[in-house]
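**Q** Pasting a structure here, questions to come.
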Amino acid sequence: MNRIFPTPEAVRPHRPFSRWDLLVIPGLIALFVLVELGLKGAAAPFGPKTPDLTVSLNPANLPYYGLRTLLRMAVALVFSFGFTLVYATIAARVRGAERVMIPVLDFLQSLPILGFLTATTAMFLGIFRGSLLGLEAAAVFAIFTSQVWNMTFSFYASLTTQPKELQEAALMLRLSPWQRFWKLDVPYAMPGLVWNTMMSVSGGWFFVVASEVISVVGRDHPQFLPGVGSYVALAIQQADVRAMIYAGLTVLVLVLLYDQLFFRPLVAWSEKFKIELSQGQDTPHSWVLTALQRARFAGRIAQLPVPLWEWLWRATALKNRPVRVKEVRSITPQQRLLGWGSTALIAIVALSSLAYLWTFLFGPGWGFAHGRLLQPNPNLNPEFSASMAKRFEDLGVRRSSENAVWLSEVCRISNNGQTISPELAKLLTEYRLEPTGWLERCAKPLAPAGKVSLLEVLHVLKLGLFTALRVTLFVLLAMLFWVPIGVWIGLRPQLAGWVQPLAQFGAAFPANLLFPIFVILIIHFHLNPEFWTAPLMVLGTQWYILFNVVAGATALPSDLKEAAKVTGLKGWSWWRRLALPAIFPAFVTGGITATGGSWNASIVAEVVSWGDVTLTATGLGAYIAHWSTGEFNPHVGLGMVVMGLMVLAYNRLVWRSLYRLAEERYKLA
Amino acid sequence: MTPPPKTSNPVILSAQHLSKFFVSPEGKPFTVLEDISLELREGEIVALLGRSGSGKSTLLRTLLGLIPPSRGEVRYRGQPVTGPMPGMALVFQSFALFPWLTVQQNVELGLEAMGIPAAERRRRALDAIRLIGLDGFESAFPKELSGGMRQRVGFARALVTNPDVLFMDEPFSALDVLTSETLRSELLDLWAEQRIPTKSILIVTHNIEEAALMADRILILSANPGRMRSEIQVPHPRLDNRNHPAFKELVEQIYRIMTTPAGGASTPTLPAEPRSLGYRLPAASAEALVALLERVGEEPNYGREDLPRLADEMQLEVDDLFPLADAAALLGLAEVKEGDIQLTPQGRLFVEQDGSARKRVFAARLSEQIPLIAHILRVLEARPGRRAPENRFLQELEDYMSTEDAEAVLATAIDWGRYAELFEYDYNAGVLSMEEPVPIAR
């Protein structure tokens, strides 16, 4: 390449190194070594003969566990990014695709995340046979599902709300789809995407603690993947306060590292993609980004792939071909036919998936046999205890792969309850099951073993209502608490500058580490767990309310504040006329995020334990947690579907109307 | 000075019988452009002039291939246009710069589609940057620049590809007067001195003086639907002095054409077809309308004023002035003809009254002259609670126009109705209402 004009850097005499390289190059080498170390551990062999995985509570292991956890988070994030770019682009750019892909995404988003863990473990173990990577993949997938939907929605929203002028400019400049993607689509979406990624990763920390302990079919004990989450789980199991404190400190450090080394630089860098009319006053800074940008030698290494990129760039260029603008002519009869065809296809696919789901949940008769409604077929081994299942099996009652003993199996071997053997009767009494009344129980047609009955749907809906009630009540309480504080802080810009990062940090710190404190308090004061476990659901999500309200109050225009002062607006009327309307949009955004997070947290928060004590609150989260036994089963499926539908309905009914109100009436231009 | 373009110069771009329909939500087609034919020849600057609603922006996008026409065809150098062709470039009203790219990267973007190697891209971009007077700003981001400098980037980005034909969509209207003046004359210099290889320029504008200053030929579009109204050949050499009598005459001539309806020569600007519910009320606020009428009623002419002078004096773009004049004419408060606006007796009455008496005159004109308002009043009176949702009226309007237009028309009607205190409107509920009549004591 012959340059005619030398670059400004080329004119200035300088050495190929800068002092920043002293920091950046060792940093990069350390990073490579650590990644290598972590990957070696993750790819260890794991087969049926491998002893159960466990962790040690020795704090000396925590740095390594932290590394493994961090690596899982990072891999999940990479996959989330990839999925986001591909899925959202197809949904936005392929005609007709969004009609299917967006509702699917909407539903997936509202599904409880932990349900995916049971759903996918077996699949990943099958893919990575004989390697620990299977379990690793299952854990990574759980984290992935806690992050990805949010990010995909954000990217899709950016793709569909691009300014018309920039779209036209891209057309007029005849950018190829590849060029347009990198020059317009991705940059325009970047600030929103980075922000949503930060929110998502906060959620990810919460679930990493819950997703590292995995039940595997065929093993009696859950597997503890090396990681901070497993460490915490073991500490809780053994009621080890000291270990909990070590774990808390480790997570603190990890979240800080993630923030400083990854998100700060990312946020500072994405600042340039904001569409602003003028320069902002306080742009975020990051020492890591500064170091990376000024390290000269490292910069050269980073330039190595540039020729390849340039080649790709030129290869995809349109050159002398004109752009083909998609015609949006009036619909021809053929297109109409095609439209009908695709609608019919979608309907067929949707109906058959529904039929498949229905069969999976309720059995081949779809919940009926000979026109009669099938009755619930309960599990007689509610703790899924292996030893109990074994004792049933010795008496001829088959157990399922997950150690469930179904009522229908007892009926089957006892000739519909007519011939309960004395041994069986003894066993049943031992487990506090009525030895009599089996004739009546077996007389009604039961749902097939492992399937749910339509009657259970009502029960699960009721549980869902309990959870909804808890979520609503505690999000409201959190709002009552944080809104005045948030406004107070937001009106003091200096204070707000301090509080904002703290609140974001609070959201990222996994609240489940604090659950044991609540358990101990509840037991000590003999409190009702039905009510007092509920605060746990908002423990981690309340921060969304705080920092959104602080942001809203900070953005309050000073002329409005002055006008309020001049007109003598004070006390309640100041809140009613100025503060509350002005922060309403931020308040709604915070509320939406907090509620969504709380629904998801309910699975973890409705069943909490410390040592031998387990507190359970009646609710949908507890139901799903109870049935998460290592294999995806109809009960978990039912719980997930009901929760997904309830969250969808909740968002449609409550938040969407509030959001619209905020958009139309309370948005400050 | 360039020689006046000859009609024998080769044709660069031609449009034959272009029409564009859009389909309303109800499935009714409505016409935006109707049977437009034009040609762009080498060596000429053509201005496309029209008031808002004339579809000049749609026409421009159709010529560029950004919007496919419903009927007719566009050819560029003989080839049918189905999308932006190499050799075409567009300068945007809002600049349309990529905020995350520096000035130089923005300018290079135009070359990237052509698959030009990086070193050459850089060289050509720097050349274009120098040509357009942006030296020193290569590494600046758009947000660091003033409006004028941003539009210079827009020009550099368009010119760096050495376009055969340059399209400009109201390129100066987002700039202040002084800046736009400078930029305009610099561009004309580049053109006149042939320092850019561009063979022809098409500029879309609503600024009459701008068209008169820049163009060799002015095409005037009429509104609703957009039709080719007339074509003015600008005498040469180019008139760059605003005080020149010939320039003033040209501006007057354009005003006359634009205020005279397509049918007759001197009838007042009232729609040719009988006014129906679906008549597109001009986007004029009651407040601005009152200000205009008061100004016309004042000295020096007490009731008659020259529109170009009025535009100049009130600092109104024609896009603002014409809707106001239209509204005044529509209500029968003024007559607009021959580029002049003159108060009617009703208009004089309106100007002379004040307070509630003035509002009574306005209310009477509204219910008499505007079928939509009369309709709203009838509906409200017939309803038991004297309330009706706005959606009802929107749906009725959508039989005649697009949803966007329907919303704009209803917003105007609501503004007028509120000013006249004929009815009230609740924004949150989207409901129009009327006070209960006060029972008359007998």
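Residues in the structure tokens are numbered from 1 in each chain, the chains being A, B, ... in the order shown, and ligands are numbered from 1 in the order shown.
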Could you list the residues in chain B lying within 8 Å of chain A, using only C-alpha atoms, and format the result as number ranges by chain?
**A** B: 23, 65-68, 70, 82-86, 88-90, 92, 94, 96-100, 109-110, 112-119, 123, 143-144, 428
**Q** For Ile236 (chain A), find every residue with an atom within 9 Å (counting only C-alpha atoms), except residues of its own chain fewer than 5 positions away, and show them as a list in words.
**A**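 Neighbouring residues, sequence-local ones excluded: Tyr231, Val241, Ala243, Met244, Pro516, Ser609, Trp610 and Gly611 of chain A.
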**Q** Could the residues in this selection be written to a file with C-alpha atoms, as a PDB file, in the first residue's frame?
**A**
ATOM      1  CA  TYR A 231     -19.285 -23.068  47.392  1.00  0.00           C
ATOM      2  CA  VAL A 241     -21.212 -18.788  58.536  1.00  0.00           C
ATOM      3  CA  ALA A 243     -17.586 -19.765  54.561  1.00  0.00           C
ATOM      4  CA  MET A 244     -20.569 -17.581  53.671  1.00  0.00           C
ATOM      5  CA  PRO A 516     -29.500 -17.253  55.148  1.00  0.00           C
ATOM      6  CA  SER A 609     -32.636 -23.167  53.633  1.00  0.00           C
ATOM      7  CA  TRP A 610     -29.832 -22.913  56.138  1.00  0.00           C
ATOM      8  CA  GLY A 611     -28.275 -26.120  57.327  1.00  0.00           C
TER       9      GLY A 611
END
**Q** Enumerate, as a VMD selection string, the complete set of residues in region 108-166 of chain B that a backbone-based DSSP assignment places in helix (DSSP H, G or I).
**A** chain B and resid 108 to 112 118 to 131 142 to 144 147 to 159
**Q** Tell me which protein, DNA and RNA residues are within 9 Å of Arg264 (chain A), counting only C-alpha atoms, leaving out same-chain ones fewer than 6 positions away, and put them as number ranges by chain.
**A** A: 258, 284-289
**Q** Next, dump the selected residues to file, keeping only all heavy atoms, as a compact mmCIF listing (two decimals), in the first residue's frame.
**A**
# COMPACT_ATOMS: atom_id res chain seq x y z
N TYR A 258 -15.30 -7.47 37.31
CA TYR A 258 -16.10 -7.48 36.09
C TYR A 258 -16.45 -6.06 35.68
O TYR A 258 -16.39 -5.70 34.52
CB TYR A 258 -17.37 -8.27 36.37
CG TYR A 258 -17.87 -9.08 35.20
CD1 TYR A 258 -17.13 -10.15 34.72
CD2 TYR A 258 -19.08 -8.79 34.59
CE1 TYR A 258 -17.58 -10.90 33.67
CE2 TYR A 258 -19.53 -9.54 33.53
CZ TYR A 258 -18.78 -10.59 33.07
OH TYR A 258 -19.23 -11.32 32.02
N PRO A 284 -18.64 9.07 30.97
CA PRO A 284 -17.99 8.11 31.84
C PRO A 284 -16.55 7.84 31.40
O PRO A 284 -16.22 7.87 30.21
CB PRO A 284 -18.83 6.85 31.68
CG PRO A 284 -19.84 7.12 30.66
CD PRO A 284 -19.73 8.51 30.22
N HIS A 285 -15.69 7.64 32.39
CA HIS A 285 -14.29 7.36 32.10
C HIS A 285 -13.93 5.97 32.58
O HIS A 285 -14.58 5.43 33.47
CB HIS A 285 -13.39 8.38 32.79
CG HIS A 285 -13.41 9.69 32.11
ND1 HIS A 285 -12.77 9.92 30.92
CD2 HIS A 285 -14.05 10.84 32.42
CE1 HIS A 285 -12.99 11.17 30.55
NE2 HIS A 285 -13.77 11.74 31.43
N SER A 286 -12.91 5.41 31.99
CA SER A 286 -12.44 4.11 32.43
C SER A 286 -10.94 4.06 32.25
O SER A 286 -10.44 4.28 31.14
CB SER A 286 -13.11 3.02 31.62
OG SER A 286 -12.32 1.86 31.61
N TRP A 287 -10.22 3.74 33.33
CA TRP A 287 -8.75 3.70 33.20
C TRP A 287 -8.34 2.55 32.30
O TRP A 287 -7.34 2.63 31.60
CB TRP A 287 -8.10 3.60 34.59
CG TRP A 287 -8.51 2.39 35.39
CD1 TRP A 287 -9.57 2.30 36.23
CD2 TRP A 287 -7.87 1.12 35.40
NE1 TRP A 287 -9.65 1.05 36.78
CE2 TRP A 287 -8.60 0.30 36.28
CE3 TRP A 287 -6.75 0.59 34.76
CZ2 TRP A 287 -8.26 -1.02 36.54
CZ3 TRP A 287 -6.42 -0.73 35.02
CH2 TRP A 287 -7.16 -1.52 35.91
N VAL A 288 -9.14 1.47 32.28
CA VAL A 288 -8.78 0.33 31.45
C VAL A 288 -8.84 0.73 29.97
O VAL A 288 -7.95 0.42 29.18
CB VAL A 288 -9.70 -0.85 31.73
CG1 VAL A 288 -9.37 -2.01 30.80
CG2 VAL A 288 -9.56 -1.29 33.17
N LEU A 289 -9.92 1.44 29.64
CA LEU A 289 -10.07 1.86 28.23
C LEU A 289 -8.92 2.79 27.84
O LEU A 289 -8.34 2.65 26.76
CB LEU A 289 -11.41 2.57 28.04
CG LEU A 289 -11.72 2.96 26.60
CD1 LEU A 289 -11.90 1.74 25.74
CD2 LEU A 289 -12.94 3.85 26.51
**Q** Do a neighbour search on region 146-151 of chain B at 7 Å with only C-alpha atoms, toss out local chain neighbours closer than 3 positions, and write the hits as an MDAnalysis selection string.
**A** chainID B and resid 95 142 154:155 175 179
